[in-house]
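Q: This is coords10.txt, which holds compact mmCIF, C-alpha atoms:
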```
# COMPACT_ATOMS: atom_id res chain seq x y z
CA MET A 1 40.70 21.48 -30.01
CA SER A 2 40.86 18.25 -28.07
CA LEU A 3 41.85 20.16 -24.97
CA THR A 4 38.79 22.41 -25.07
CA SER A 5 36.42 19.53 -25.76
CA ARG A 6 38.00 17.62 -22.92
CA ALA A 7 37.52 20.55 -20.59
CA LYS A 8 33.93 20.74 -21.74
CA THR A 9 33.17 17.10 -20.97
CA ALA A 10 34.88 17.54 -17.61
CA LYS A 11 32.66 20.51 -16.88
CA ARG A 12 29.60 18.57 -17.96
CA ARG A 13 30.62 15.73 -15.70
CA ARG A 14 30.98 18.03 -12.74
CA LEU A 15 27.56 19.46 -13.47
CA TRP A 16 26.21 15.92 -13.65
CA ALA A 17 27.88 15.11 -10.33
CA VAL A 18 26.33 18.06 -8.57
CA PHE A 19 22.98 17.24 -10.14
CA ALA A 20 23.18 13.57 -9.12
CA GLY A 21 24.17 14.41 -5.57
CA LEU A 22 21.55 17.09 -5.16
CA SER A 23 18.77 15.02 -6.68
CA GLY A 24 19.72 12.09 -4.45
CA LEU A 25 19.52 14.25 -1.39
CA GLY A 26 16.39 15.93 -2.70
CA VAL A 27 14.58 12.64 -3.20
CA ALA A 28 15.70 11.48 0.24
CA ALA A 29 14.58 14.69 1.92
CA ALA A 30 11.28 14.76 0.06
CA LEU A 31 10.52 11.19 1.05
CA ILE A 32 11.38 11.85 4.66
CA LEU A 33 9.24 14.98 4.69
CA THR A 34 6.28 13.19 3.12
CA ALA A 35 6.59 10.54 5.76
CA PHE A 36 6.88 13.15 8.49
CA SER A 37 3.85 15.16 7.43
CA ASP A 38 1.11 12.59 7.84
CA ASN A 39 2.52 9.10 7.65
CA LEU A 40 4.85 9.11 10.62
CA VAL A 41 1.81 8.33 12.64
CA PHE A 42 0.79 5.53 10.36
CA PHE A 43 -2.53 4.99 12.13
CA HIS A 44 -4.70 6.43 14.90
CA SER A 45 -6.16 4.47 17.80
CA PRO A 46 -9.83 4.36 18.84
CA SER A 47 -8.87 6.54 21.83
CA ASP A 48 -7.64 9.23 19.41
CA ILE A 49 -11.07 9.24 17.80
CA ILE A 50 -12.92 9.46 21.12
CA ALA A 51 -10.58 12.33 22.07
CA GLY A 52 -11.59 14.11 18.86
CA LYS A 53 -8.11 14.10 17.33
CA VAL A 54 -9.45 13.01 13.96
CA ALA A 55 -11.76 15.13 11.82
CA PRO A 56 -14.87 13.36 10.43
CA GLU A 57 -15.31 12.81 6.69
CA ARG A 58 -11.56 12.70 6.19
CA ARG A 59 -9.59 9.63 5.19
CA PHE A 60 -7.20 8.25 7.80
CA ARG A 61 -5.98 4.94 9.17
CA LEU A 62 -7.42 3.32 12.26
CA GLY A 63 -5.40 0.65 14.05
CA GLY A 64 -6.04 -1.66 16.98
CA LEU A 65 -7.10 -5.16 17.91
CA VAL A 66 -10.16 -6.87 16.46
CA GLU A 67 -12.45 -7.16 19.47
CA ALA A 68 -13.21 -10.74 20.43
CA GLY A 69 -16.71 -11.82 19.44
CA SER A 70 -17.40 -8.68 17.41
CA VAL A 71 -16.94 -10.01 13.87
CA GLN A 72 -20.21 -10.41 11.94
CA ARG A 73 -20.85 -11.03 8.28
CA GLN A 74 -23.73 -8.94 6.94
CA SER A 75 -26.62 -10.55 5.09
CA ASP A 76 -25.15 -9.62 1.67
CA GLY A 77 -22.31 -12.07 2.35
CA THR A 78 -19.39 -9.73 1.57
CA THR A 79 -19.74 -6.86 4.04
CA MET A 80 -18.04 -7.46 7.38
CA LEU A 81 -18.83 -5.64 10.59
CA PHE A 82 -16.39 -5.70 13.51
CA ARG A 83 -15.09 -3.56 16.33
CA ILE A 84 -11.51 -2.29 16.67
CA THR A 85 -10.34 -1.76 20.22
CA ASP A 86 -7.27 -0.42 21.97
CA THR A 87 -8.63 -1.99 25.19
CA ALA A 88 -9.71 1.46 26.43
CA HIS A 89 -12.17 2.37 23.67
CA SER A 90 -13.52 0.74 20.56
CA VAL A 91 -14.90 1.80 17.20
CA THR A 92 -17.25 -0.12 14.91
CA VAL A 93 -15.87 -0.74 11.44
CA THR A 94 -17.58 -1.89 8.29
CA PHE A 95 -15.63 -3.32 5.37
CA LYS A 96 -16.66 -4.76 2.03
CA GLY A 97 -13.98 -6.87 0.42
CA VAL A 98 -11.39 -9.57 0.96
CA LEU A 99 -9.78 -9.69 4.40
CA PRO A 100 -6.14 -10.75 4.79
CA ASP A 101 -5.51 -14.27 6.10
CA LEU A 102 -4.11 -13.08 9.40
CA PHE A 103 -7.37 -11.25 10.15
CA ARG A 104 -8.97 -12.86 13.17
CA GLU A 105 -10.39 -11.88 16.54
CA GLY A 106 -7.73 -10.58 18.88
CA GLN A 107 -5.40 -9.82 15.94
CA GLY A 108 -3.86 -6.41 15.29
CA VAL A 109 -5.16 -4.69 12.15
CA VAL A 110 -4.71 -1.35 10.42
CA THR A 111 -7.67 -0.14 8.35
CA GLU A 112 -7.94 2.84 6.04
CA GLY A 113 -11.14 4.75 5.47
CA MET A 114 -13.22 7.47 7.09
CA LEU A 115 -15.73 8.01 9.86
CA ASN A 116 -19.29 8.77 8.86
CA ARG A 117 -21.44 11.16 10.87
CA GLN A 118 -22.83 8.31 12.97
CA GLY A 119 -19.34 7.39 14.15
CA LEU A 120 -19.16 4.24 12.02
CA PHE A 121 -15.77 3.74 10.38
CA ILE A 122 -16.13 2.81 6.72
CA ALA A 123 -12.94 0.99 5.78
CA ARG A 124 -11.69 0.80 2.20
CA GLU A 125 -8.67 -1.35 3.03
CA VAL A 126 -7.86 -3.71 5.89
CA LEU A 127 -4.24 -4.72 6.58
CA ALA A 128 -3.21 -7.28 9.19
CA LYS A 129 -0.42 -6.38 11.58
CA HIS A 130 1.60 -9.14 13.13
CA ASP A 131 3.59 -8.87 16.32
CA GLU A 132 7.30 -9.37 16.90
CA ASN A 133 6.89 -12.76 18.59
CA TYR A 134 7.88 -15.80 16.62
CA MET A 135 7.39 -19.32 17.95
CA PRO A 136 6.14 -22.73 16.86
CA LYS A 137 2.50 -23.60 17.43
CA GLU A 138 3.31 -26.07 20.22
CA VAL A 139 5.19 -23.41 22.19
CA ALA A 140 2.33 -20.93 21.80
CA GLU A 141 -0.12 -23.55 23.04
CA ALA A 142 2.11 -24.49 25.95
CA LEU A 143 2.40 -20.81 26.94
CA LYS A 144 -1.36 -20.40 26.77
CA ALA A 145 -1.89 -23.58 28.79
CA SER A 146 0.50 -22.45 31.52
CA GLY A 147 -1.08 -19.01 31.71
CA GLN A 148 2.07 -17.15 30.67
CA TRP A 149 0.51 -15.81 27.50
CA LYS A 150 0.29 -12.04 27.22
CA SER A 151 -2.61 -11.41 24.87
CA GLY A 152 -2.15 -8.74 22.27
CA GLN A 153 1.41 -7.97 23.26
CA GLY A 154 3.13 -5.78 20.74
CA ASN A 155 -0.07 -5.19 18.85
CA PRO A 156 -1.16 -1.72 17.80
CA GLY A 157 -3.30 0.35 20.07
CA THR A 158 -2.13 -1.38 23.22
CA SER A 159 0.70 -0.07 25.34
CA PRO A 160 4.15 -0.26 23.71
CA ALA A 161 5.69 -3.70 23.47
CA PRO A 162 7.28 -4.90 26.71
CA LYS A 163 10.92 -3.87 26.61
CA MET B 1 46.67 3.98 11.45
CA HIS B 2 49.08 4.33 8.56
CA ARG B 3 50.76 1.11 9.55
CA PHE B 4 47.96 -0.72 7.72
CA ALA B 5 47.94 1.74 4.86
CA ASN B 6 50.62 0.00 2.85
CA PRO B 7 48.73 -1.67 -0.04
CA ALA B 8 51.27 -4.48 -0.33
CA ARG B 9 50.91 -5.24 3.34
CA PHE B 10 47.11 -5.13 3.05
CA GLN B 11 47.23 -7.54 0.16
CA ARG B 12 49.39 -10.01 2.05
CA ILE B 13 46.86 -10.01 4.89
CA ALA B 14 43.88 -10.12 2.52
CA ARG B 15 45.29 -13.11 0.65
CA ARG B 16 45.67 -14.99 3.89
CA ILE B 17 42.19 -14.35 5.31
CA LEU B 18 40.20 -14.55 2.06
CA PRO B 19 39.91 -18.38 1.95
CA PHE B 20 38.85 -18.40 5.57
CA PHE B 21 35.95 -16.00 4.96
CA ALA B 22 34.94 -17.68 1.70
CA GLY B 23 34.81 -21.05 3.46
CA ALA B 24 32.87 -19.63 6.40
CA THR B 25 30.34 -18.11 3.98
CA VAL B 26 29.63 -21.49 2.37
CA LEU B 27 29.47 -23.22 5.74
CA PHE B 28 27.16 -20.72 7.48
CA ILE B 29 24.81 -20.28 4.53
CA GLY B 30 24.73 -24.04 3.93
CA PHE B 31 23.72 -24.86 7.50
CA GLY B 32 21.55 -21.73 7.61
CA LEU B 33 19.58 -22.84 4.55
CA TYR B 34 19.08 -26.30 6.02
CA TYR B 35 17.62 -24.92 9.24
CA ALA B 36 15.73 -22.16 7.42
CA LEU B 37 13.91 -24.46 5.02
CA LEU B 38 13.83 -27.87 6.75
CA GLY B 39 15.09 -27.85 10.30
CA SER B 40 12.81 -25.22 11.82
CA PRO B 41 9.10 -25.15 12.67
CA ALA B 42 6.32 -23.05 11.13
CA ASP B 43 5.19 -20.02 13.09
CA TYR B 44 2.07 -20.21 15.27
CA GLN B 45 0.51 -17.28 13.41
CA GLN B 46 2.26 -16.93 10.09
CA GLY B 47 2.76 -20.57 9.26
CA GLU B 48 5.45 -21.38 6.70
CA THR B 49 5.67 -17.80 5.46
CA VAL B 50 7.90 -17.03 8.45
CA ARG B 51 10.74 -18.64 6.46
CA ILE B 52 11.00 -15.44 4.41
CA MET B 53 12.37 -13.87 7.61
CA TYR B 54 15.61 -15.90 7.31
CA VAL B 55 16.48 -13.99 4.13
CA HIS B 56 14.75 -10.69 4.82
CA VAL B 57 16.13 -9.93 8.28
CA PRO B 58 19.82 -10.78 7.56
CA ALA B 59 19.58 -8.62 4.40
CA ALA B 60 18.12 -5.78 6.50
CA TRP B 61 20.88 -6.10 9.11
CA MET B 62 23.53 -6.08 6.39
CA SER B 63 22.05 -2.98 4.77
CA LEU B 64 22.55 -1.14 8.09
CA PHE B 65 25.92 -2.72 8.92
CA VAL B 66 27.41 -1.99 5.50
CA TYR B 67 26.25 1.62 5.58
CA ALA B 68 27.65 2.09 9.09
CA SER B 69 30.98 0.68 7.86
CA MET B 70 30.92 3.07 4.91
CA ALA B 71 30.24 6.05 7.17
CA LEU B 72 33.11 4.97 9.41
CA SER B 73 35.60 4.55 6.57
CA SER B 74 34.42 7.87 5.10
CA ALA B 75 35.28 9.57 8.36
CA VAL B 76 38.67 7.84 8.40
CA ALA B 77 39.27 8.97 4.82
CA LEU B 78 38.29 12.58 5.50
CA ILE B 79 40.10 12.99 8.80
CA TRP B 80 43.22 10.81 8.53
CA ARG B 81 43.51 10.58 4.71
CA HIS B 82 44.00 6.86 5.03
CA PRO B 83 44.78 5.70 1.47
CA LEU B 84 42.69 2.54 1.67
CA ALA B 85 39.64 4.08 3.33
CA ASP B 86 38.26 5.74 0.18
CA LEU B 87 38.67 2.53 -1.76
CA ALA B 88 36.96 0.56 1.02
CA THR B 89 33.96 2.91 1.12
CA ARG B 90 33.61 2.59 -2.61
CA ALA B 91 34.04 -1.18 -2.63
CA ALA B 92 31.27 -1.59 -0.04
CA ALA B 93 28.67 0.56 -1.80
CA LEU B 94 27.40 -1.88 -4.43
CA PRO B 95 27.07 -4.85 -2.02
CA GLY B 96 25.28 -2.52 0.42
CA ALA B 97 22.83 -1.38 -2.25
CA ALA B 98 22.22 -5.01 -3.22
CA PHE B 99 21.47 -6.04 0.38
CA THR B 100 19.07 -3.10 0.75
CA ALA B 101 17.27 -3.93 -2.50
CA LEU B 102 17.03 -7.57 -1.41
CA CYS B 103 15.63 -6.48 1.95
CA LEU B 104 12.95 -4.34 0.29
CA ALA B 105 12.02 -7.00 -2.26
CA THR B 106 11.75 -9.86 0.23
CA GLY B 107 9.89 -7.55 2.62
CA SER B 108 7.38 -6.92 -0.12
CA LEU B 109 7.06 -10.67 -0.75
CA TRP B 110 6.44 -11.14 2.96
CA GLY B 111 4.06 -8.20 3.31
CA GLN B 112 1.69 -9.27 0.56
CA PRO B 113 0.69 -12.62 2.13
CA MET B 114 0.84 -11.49 5.78
CA TRP B 115 -0.22 -7.84 5.89
CA GLY B 116 -2.28 -7.90 2.71
CA THR B 117 -0.19 -5.31 0.88
CA TRP B 118 3.10 -5.15 -1.05
CA TRP B 119 4.03 -1.74 0.24
CA VAL B 120 2.92 0.96 2.69
CA TRP B 121 4.47 4.34 3.36
CA ASP B 122 5.10 3.78 7.04
CA ALA B 123 8.18 5.16 8.79
CA ARG B 124 10.19 1.91 8.65
CA LEU B 125 9.61 1.10 5.00
CA THR B 126 10.13 4.70 3.88
CA SER B 127 13.39 5.12 5.79
CA VAL B 128 14.79 1.89 4.29
CA LEU B 129 13.84 3.14 0.80
CA VAL B 130 15.74 6.34 1.62
CA LEU B 131 18.74 4.16 2.54
CA LEU B 132 18.61 2.54 -0.92
CA PHE B 133 18.59 6.01 -2.52
CA LEU B 134 21.58 6.99 -0.37
CA TYR B 135 23.55 3.99 -1.63
CA LEU B 136 22.59 4.72 -5.26
CA GLY B 137 23.28 8.43 -4.80
CA TYR B 138 26.73 7.64 -3.38
CA ILE B 139 27.59 5.39 -6.34
CA ALA B 140 26.36 7.94 -8.90
CA LEU B 141 28.17 10.80 -7.19
CA VAL B 142 31.54 9.04 -6.88
CA ASP B 143 31.43 7.78 -10.47
CA ALA B 144 30.53 11.18 -11.89
CA PHE B 145 33.88 12.80 -11.03
CA ASP B 146 36.83 12.66 -13.38
CA ASP B 147 39.29 12.96 -10.56
CA PRO B 148 38.84 9.93 -8.29
CA GLU B 149 40.10 11.81 -5.24
CA ARG B 150 37.53 14.55 -5.55
CA GLY B 151 34.81 12.00 -6.25
CA ALA B 152 35.79 10.06 -3.15
CA LYS B 153 35.73 13.23 -1.07
CA ALA B 154 32.23 14.20 -2.23
CA GLY B 155 31.08 10.62 -1.68
CA SER B 156 32.51 10.55 1.83
CA ILE B 157 30.55 13.67 2.74
CA LEU B 158 27.34 12.16 1.35
CA ALA B 159 27.95 8.88 3.20
CA LEU B 160 28.47 10.74 6.46
CA VAL B 161 25.40 12.96 6.02
CA GLY B 162 23.30 9.91 5.21
CA ALA B 163 24.33 8.14 8.40
CA VAL B 164 21.63 10.20 10.16
CA ASN B 165 19.19 7.80 8.59
CA LEU B 166 20.56 4.73 10.43
CA PRO B 167 19.10 5.46 13.90
CA ILE B 168 15.88 6.57 12.21
CA ILE B 169 15.56 3.14 10.56
CA LYS B 170 16.43 1.23 13.72
CA PHE B 171 14.09 3.11 16.04
CA SER B 172 11.30 4.00 13.60
CA VAL B 173 9.24 1.06 14.85
CA ASP B 174 9.52 2.28 18.46
CA TRP B 175 9.12 6.02 17.88
CA TRP B 176 6.10 5.95 15.63
CA ASN B 177 3.06 3.81 14.85
CA THR B 178 4.07 1.60 11.96
CA LEU B 179 2.59 -1.37 10.16
CA HIS B 180 5.99 -3.02 10.51
CA GLN B 181 6.34 -4.87 13.82
CA PRO B 182 8.99 -3.86 16.40
CA ALA B 183 12.38 -5.52 16.77
CA SER B 184 12.45 -9.19 17.76
CA VAL B 185 16.12 -9.89 18.32
CA LEU B 186 18.07 -6.73 19.18
CA LYS B 187 15.99 -5.38 22.02
CA LEU B 188 16.08 -4.99 25.77
CA GLY B 189 14.86 -8.02 27.64
CA GLY B 190 16.18 -10.51 25.10
CA PRO B 191 14.81 -11.79 21.80
CA SER B 192 11.11 -12.61 21.53
CA ILE B 193 11.78 -15.34 19.05
CA ASP B 194 11.89 -19.05 19.73
CA GLY B 195 15.35 -20.67 19.81
CA THR B 196 14.49 -23.02 16.94
CA MET B 197 13.84 -19.97 14.75
CA LEU B 198 16.69 -17.87 16.09
CA ARG B 199 19.21 -20.50 14.99
CA PRO B 200 18.63 -20.27 11.20
CA LEU B 201 18.33 -16.49 11.53
CA LEU B 202 21.73 -16.10 13.18
CA LEU B 203 23.39 -18.66 10.89
CA MET B 204 22.15 -16.80 7.81
CA ALA B 205 23.20 -13.46 9.31
CA LEU B 206 26.72 -14.80 9.96
CA GLY B 207 26.79 -16.22 6.43
CA PHE B 208 25.77 -12.88 4.93
CA THR B 209 28.42 -11.08 6.99
CA CYS B 210 31.20 -13.45 5.87
CA PHE B 211 29.94 -13.13 2.30
CA PHE B 212 30.22 -9.36 2.55
CA VAL B 213 33.78 -9.53 3.95
CA THR B 214 34.78 -11.90 1.14
CA LEU B 215 33.33 -9.54 -1.46
CA LEU B 216 34.98 -6.54 0.17
CA LEU B 217 38.44 -8.17 0.10
CA LEU B 218 38.02 -9.11 -3.56
CA ARG B 219 36.69 -5.68 -4.52
CA LEU B 220 39.47 -3.90 -2.64
CA GLU B 221 42.09 -5.97 -4.42
CA THR B 222 40.45 -5.01 -7.73
CA ALA B 223 40.37 -1.34 -6.74
CA LEU B 224 44.08 -1.39 -5.88
CA LEU B 225 44.88 -2.97 -9.25
CA ASP B 226 42.73 -0.39 -11.05
CA ARG B 227 44.59 2.38 -9.29
CA LYS B 228 47.95 0.97 -10.36
CA ILE B 229 46.73 0.56 -13.94
CA ARG B 230 45.60 4.18 -13.96
CA ALA B 231 48.96 5.32 -12.64
CA VAL B 232 50.80 3.46 -15.41
CA GLU B 233 48.47 4.84 -18.08
CA GLU B 234 48.97 8.39 -16.84
CA ARG B 235 52.75 7.97 -16.94
CA VAL B 236 52.56 6.67 -20.51
CA SER B 237 50.31 9.42 -21.85
CA MET C 1 3.10 -24.33 2.82
CA GLY C 2 -0.44 -23.11 2.33
CA GLY C 3 -0.98 -20.98 -0.74
CA TYR C 4 2.12 -18.97 -0.02
CA ALA C 5 4.88 -21.32 -1.19
CA VAL C 6 5.42 -19.13 -4.23
CA PHE C 7 6.26 -16.13 -2.01
CA ILE C 8 8.77 -18.16 0.00
CA TRP C 9 10.49 -19.61 -3.06
CA ALA C 10 10.49 -16.21 -4.76
CA SER C 11 12.32 -14.74 -1.75
CA TYR C 12 15.00 -17.41 -1.73
CA GLY C 13 15.29 -17.28 -5.51
CA LEU C 14 15.71 -13.52 -5.43
CA ALA C 15 18.37 -13.82 -2.75
CA ALA C 16 20.27 -16.42 -4.79
CA VAL C 17 20.14 -14.26 -7.93
CA THR C 18 21.16 -11.05 -6.11
CA LEU C 19 24.03 -12.49 -4.07
CA GLY C 20 25.16 -14.83 -6.85
CA GLY C 21 25.13 -11.98 -9.35
CA LEU C 22 27.12 -9.80 -6.96
CA ALA C 23 29.75 -12.52 -6.50
CA ALA C 24 29.97 -13.14 -10.27
CA LEU C 25 30.33 -9.41 -11.02
CA THR C 26 33.03 -9.01 -8.37
CA LEU C 27 35.04 -11.97 -9.67
CA TRP C 28 34.66 -10.81 -13.27
CA GLN C 29 35.86 -7.29 -12.40
CA ARG C 30 38.89 -8.69 -10.58
CA ARG C 31 39.75 -10.94 -13.49
CA ARG C 32 39.50 -8.05 -15.94
CA ALA C 33 41.71 -5.86 -13.75
CA ARG C 34 44.32 -8.62 -13.45
CA ARG C 35 44.40 -9.10 -17.23
CA THR C 36 44.72 -5.38 -17.88
CA TRP C 37 47.48 -5.13 -15.32
CA ALA C 38 49.34 -8.01 -16.95
CA ALA C 39 48.97 -6.25 -20.31
CA VAL C 40 50.16 -2.78 -19.26
CA ASN C 41 52.90 -4.11 -17.02
CA PRO C 42 54.33 -7.20 -18.74
CA ARG C 43 57.66 -7.00 -16.95
CA ARG C 44 56.16 -8.23 -13.69
CA GLU C 45 54.16 -11.31 -12.82
CA SER C 46 50.43 -11.07 -13.40
CA ALA C 47 49.76 -10.65 -9.70
CA PRO C 48 50.88 -7.35 -8.18
```
For this file, write the structure as structure tokens.

A:
Amino acid sequence: MSLTSRAKTAKRRRLWAVFAGLSGLGVAAALILTAFSDNLVFFHSPSDIIAGKVAPERRFRLGGLVEAGSVQRQSDGTTMLFRITDTAHSVTVTFKGVLPDLFREGQGVVTEGMLNRQGLFIAREVLAKHDENYMPKEVAEALKASGQWKSGQGNPGTSPAPK
Amino acid sequence: MHRFANPARFQRIARRILPFFAGATVLFIGFGLYYALLGSPADYQQGETVRIMYVHVPAAWMSLFVYASMALSSAVALIWRHPLADLATRAAALPGAAFTALCLATGSLWGQPMWGTWWVWDARLTSVLVLLFLYLGYIALVDAFDDPERGAKAGSILALVGAVNLPIIKFSVDWWNTLHQPASVLKLGGPSIDGTMLRPLLLMALGFTCFFVTLLLLRLETALLDRKIRAVEERVS
Amino acid sequence: MGGYAVFIWASYGLAAVTLGGLAALTLWQRRRARRTWAAVNPRRESAP
């Protein structure tokens, strides 16, 4: 009696083990595949759009630098208009909502939304991207003053970070 | 290899080095915290929020380092049947999962103020989430077996298969467009991080590493005791 | 610290809870194993 029940629980445990292992791998594989399918390229650059790599009227992410001097607030007070550039091409973006604190001209951003037929990108979400350089303010200012500053280094849309 | 396999010998060595690592943990984390919170400047772009890095990045490094150690000891266990290797893999799993969870949580707390979002499904964040599932899957798998040897064997295979994910995590930010920024410290051409900020980062990373070694020694000692207890109980019954 | 102090403190708090909890659990498990060992094997000293 106790022997058979013991064998049963052992069998159930083995089943459980196989199930746990397989589901772990399954979740991992599914997540990787989801990421592979359309998120591995987390965002497209303005050059991708000019090259026609992105279909209109479809949601995607557009990344690049906020073009200097392009940020305007529309008359309604909440809609922002700015241009995203990868230094080769640029796309005009409109966004209604709260911008992240790091959003500023020359800063890397990733926006999500879609192109309308006029080629205007209507963003539903704007995320700020920061680069891999960390330094105190004084050092940044000293670099800028001495002309050693590389603008936009490591930001999206530009050439890969200097290695 | 088997020279170090003798549990009694291991325990003699462990006893001797444990106080050293425990002391180093307190020392490194103590100084690390001072420089992380007081003795380092704010970032030119991120301001004070950069201080989250001194917890987030060491946790991320540990999540990779611990998994790499587990994959290595799994290979040792499978190939050479080293009697301590299975126990070491198992002892490292929970600390590894904790470091990974800490990395994801602090990353989220850093992403919300700086990026404007708690989470995105970019290649870096997704591959680290997969790493957490690998740790949890390993723990569940090993615990589900009645026979510890078979459980350890299945776990070793899972740990080895999962090691594919490590280079994906490390290079995801170079291979694909991600919201996460590229590496700042471990890259060609030297770190792009100011020395005043690198100091707390490295101190905390050393502290986390010593903490992990301390935990591993304690957990291995416990595992050896548990194995002896099981042996006695089997003889009695 | 701007408006973000709460994020910084939450990160350090979370780290303290996670690592502290891990250390406490590890020490508790070792203590339990030592006690059990002393109970099943009273002939020897408590330490193996």

Q: Between A:Ala145, A:Val54, A:Leu115, A:Leu31, which residue has the minimum interatomic distance to chain B, considering all atoms listed in the file?

A: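 Checking each candidate against chain B, we get A:Leu31 as the closest.
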
Q: Which residues, written as a PyMOL selection string, have at least one atom at most 12 Å from stretch 24-30 of chain C, with all atoms listed in the file counted and residues fewer than 3 positions away on the same chain left out?

A: (chain B and resi 91-92+94-95+211-212+214-226) or (chain C and resi 16-21+33-37+47)

Q: Report, in Å with one decimal, the straight-line distance from atom CA of A:Trp16 to atom CA of B:Asp147.

A: 13.8 Å

Q: Hey, what's within 6 Å of stretch 40-48 of chain A if we count all atoms listed in the file and toss same-chain stuff fewer than 5 positions away? As a PyMOL selection string, please?

A: (chain A and resi 35+53+61-63+89-91+157) or (chain B and resi 122-123+176-178)

Q: Rounded to one decimal, what separation in Å do you get between atom CA of C:Leu14 and atom CA of B:Ala36?

A: 15.5 Å

Q: Which residues, written as a ChimeraX atom specification, have at least one atom at most 10 Å from stretch 203-210 of chain B, with all atoms listed in the file counted and residues fewer than 6 positions away on the same chain left out?

A: /B:18,20-33,35-36,54-62,65-66,99,216 /C:19

Q: When the cut-off is 8 Å and we count only C-alpha atoms, which residues of chain B are near chain A, given as a PyMOL selection string?

A: chain B and resi 41-46+113-117+121-123+126-127+130+133-134+136-138+140-142+144-146+158+174+176-184+187-189+192-194+197

Q: Go ahead and save the residues from that selection, with C-alpha atoms, as a PDB file, keeping the file's coordinate frame.

A:
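File written: selection21.pdb
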```
ATOM      1  CA  PRO B  41       9.100 -25.150  12.670  1.00  0.00           C
ATOM      2  CA  ALA B  42       6.320 -23.050  11.130  1.00  0.00           C
ATOM      3  CA  ASP B  43       5.190 -20.020  13.090  1.00  0.00           C
ATOM      4  CA  TYR B  44       2.070 -20.210  15.270  1.00  0.00           C
ATOM      5  CA  GLN B  45       0.510 -17.280  13.410  1.00  0.00           C
ATOM      6  CA  GLN B  46       2.260 -16.930  10.090  1.00  0.00           C
ATOM      7  CA  PRO B 113       0.690 -12.620   2.130  1.00  0.00           C
ATOM      8  CA  MET B 114       0.840 -11.490   5.780  1.00  0.00           C
ATOM      9  CA  TRP B 115      -0.220  -7.840   5.890  1.00  0.00           C
ATOM     10  CA  GLY B 116      -2.280  -7.900   2.710  1.00  0.00           C
ATOM     11  CA  THR B 117      -0.190  -5.310   0.880  1.00  0.00           C
ATOM     12  CA  TRP B 121       4.470   4.340   3.360  1.00  0.00           C
ATOM     13  CA  ASP B 122       5.100   3.780   7.040  1.00  0.00           C
ATOM     14  CA  ALA B 123       8.180   5.160   8.790  1.00  0.00           C
ATOM     15  CA  THR B 126      10.130   4.700   3.880  1.00  0.00           C
ATOM     16  CA  SER B 127      13.390   5.120   5.790  1.00  0.00           C
ATOM     17  CA  VAL B 130      15.740   6.340   1.620  1.00  0.00           C
ATOM     18  CA  PHE B 133      18.590   6.010  -2.520  1.00  0.00           C
ATOM     19  CA  LEU B 134      21.580   6.990  -0.370  1.00  0.00           C
ATOM     20  CA  LEU B 136      22.590   4.720  -5.260  1.00  0.00           C
ATOM     21  CA  GLY B 137      23.280   8.430  -4.800  1.00  0.00           C
ATOM     22  CA  TYR B 138      26.730   7.640  -3.380  1.00  0.00           C
ATOM     23  CA  ALA B 140      26.360   7.940  -8.900  1.00  0.00           C
ATOM     24  CA  LEU B 141      28.170  10.800  -7.190  1.00  0.00           C
ATOM     25  CA  VAL B 142      31.540   9.040  -6.880  1.00  0.00           C
ATOM     26  CA  ALA B 144      30.530  11.180 -11.890  1.00  0.00           C
ATOM     27  CA  PHE B 145      33.880  12.800 -11.030  1.00  0.00           C
ATOM     28  CA  ASP B 146      36.830  12.660 -13.380  1.00  0.00           C
ATOM     29  CA  LEU B 158      27.340  12.160   1.350  1.00  0.00           C
ATOM     30  CA  ASP B 174       9.520   2.280  18.460  1.00  0.00           C
ATOM     31  CA  TRP B 176       6.100   5.950  15.630  1.00  0.00           C
ATOM     32  CA  ASN B 177       3.060   3.810  14.850  1.00  0.00           C
ATOM     33  CA  THR B 178       4.070   1.600  11.960  1.00  0.00           C
ATOM     34  CA  LEU B 179       2.590  -1.370  10.160  1.00  0.00           C
ATOM     35  CA  HIS B 180       5.990  -3.020  10.510  1.00  0.00           C
ATOM     36  CA  GLN B 181       6.340  -4.870  13.820  1.00  0.00           C
ATOM     37  CA  PRO B 182       8.990  -3.860  16.400  1.00  0.00           C
ATOM     38  CA  ALA B 183      12.380  -5.520  16.770  1.00  0.00           C
ATOM     39  CA  SER B 184      12.450  -9.190  17.760  1.00  0.00           C
ATOM     40  CA  LYS B 187      15.990  -5.380  22.020  1.00  0.00           C
ATOM     41  CA  LEU B 188      16.080  -4.990  25.770  1.00  0.00           C
ATOM     42  CA  GLY B 189      14.860  -8.020  27.640  1.00  0.00           C
ATOM     43  CA  SER B 192      11.110 -12.610  21.530  1.00  0.00           C
ATOM     44  CA  ILE B 193      11.780 -15.340  19.050  1.00  0.00           C
ATOM     45  CA  ASP B 194      11.890 -19.050  19.730  1.00  0.00           C
ATOM     46  CA  MET B 197      13.840 -19.970  14.750  1.00  0.00           C
TER      47      MET B 197
END
```

Q: So how many Å separate atom CA of B:Gly111 and atom CA of B:Val50, to one decimal?

A: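 Answer for the atom CA of B:Gly111 to atom CA of B:Val50 separation: 10.9 Å.
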
Q: Which one is closest to chain C: B:Ala71, B:Leu198, B:Ile79, B:Leu109? Count all atoms listed in the file.

A: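 Ranked by minimum distance to chain C, first place goes to B:Leu109.
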
Q: Just want the 8 Å neighbourhood of C:Val40, counted on all atoms listed in the file, with same-chain residues fewer than 6 positions away dropped. Output as a list of chain:residue names.

A: B:Ile229, B:Val232, B:Glu233

Q: Which residue out of B:Pro7, B:Arg90, B:Trp119, B:Asn165 has the minimum interatomic distance to B:Thr106 when only C-alpha atoms are used?

A: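 Of all the options, B:Trp119 lies closest to B:Thr106.
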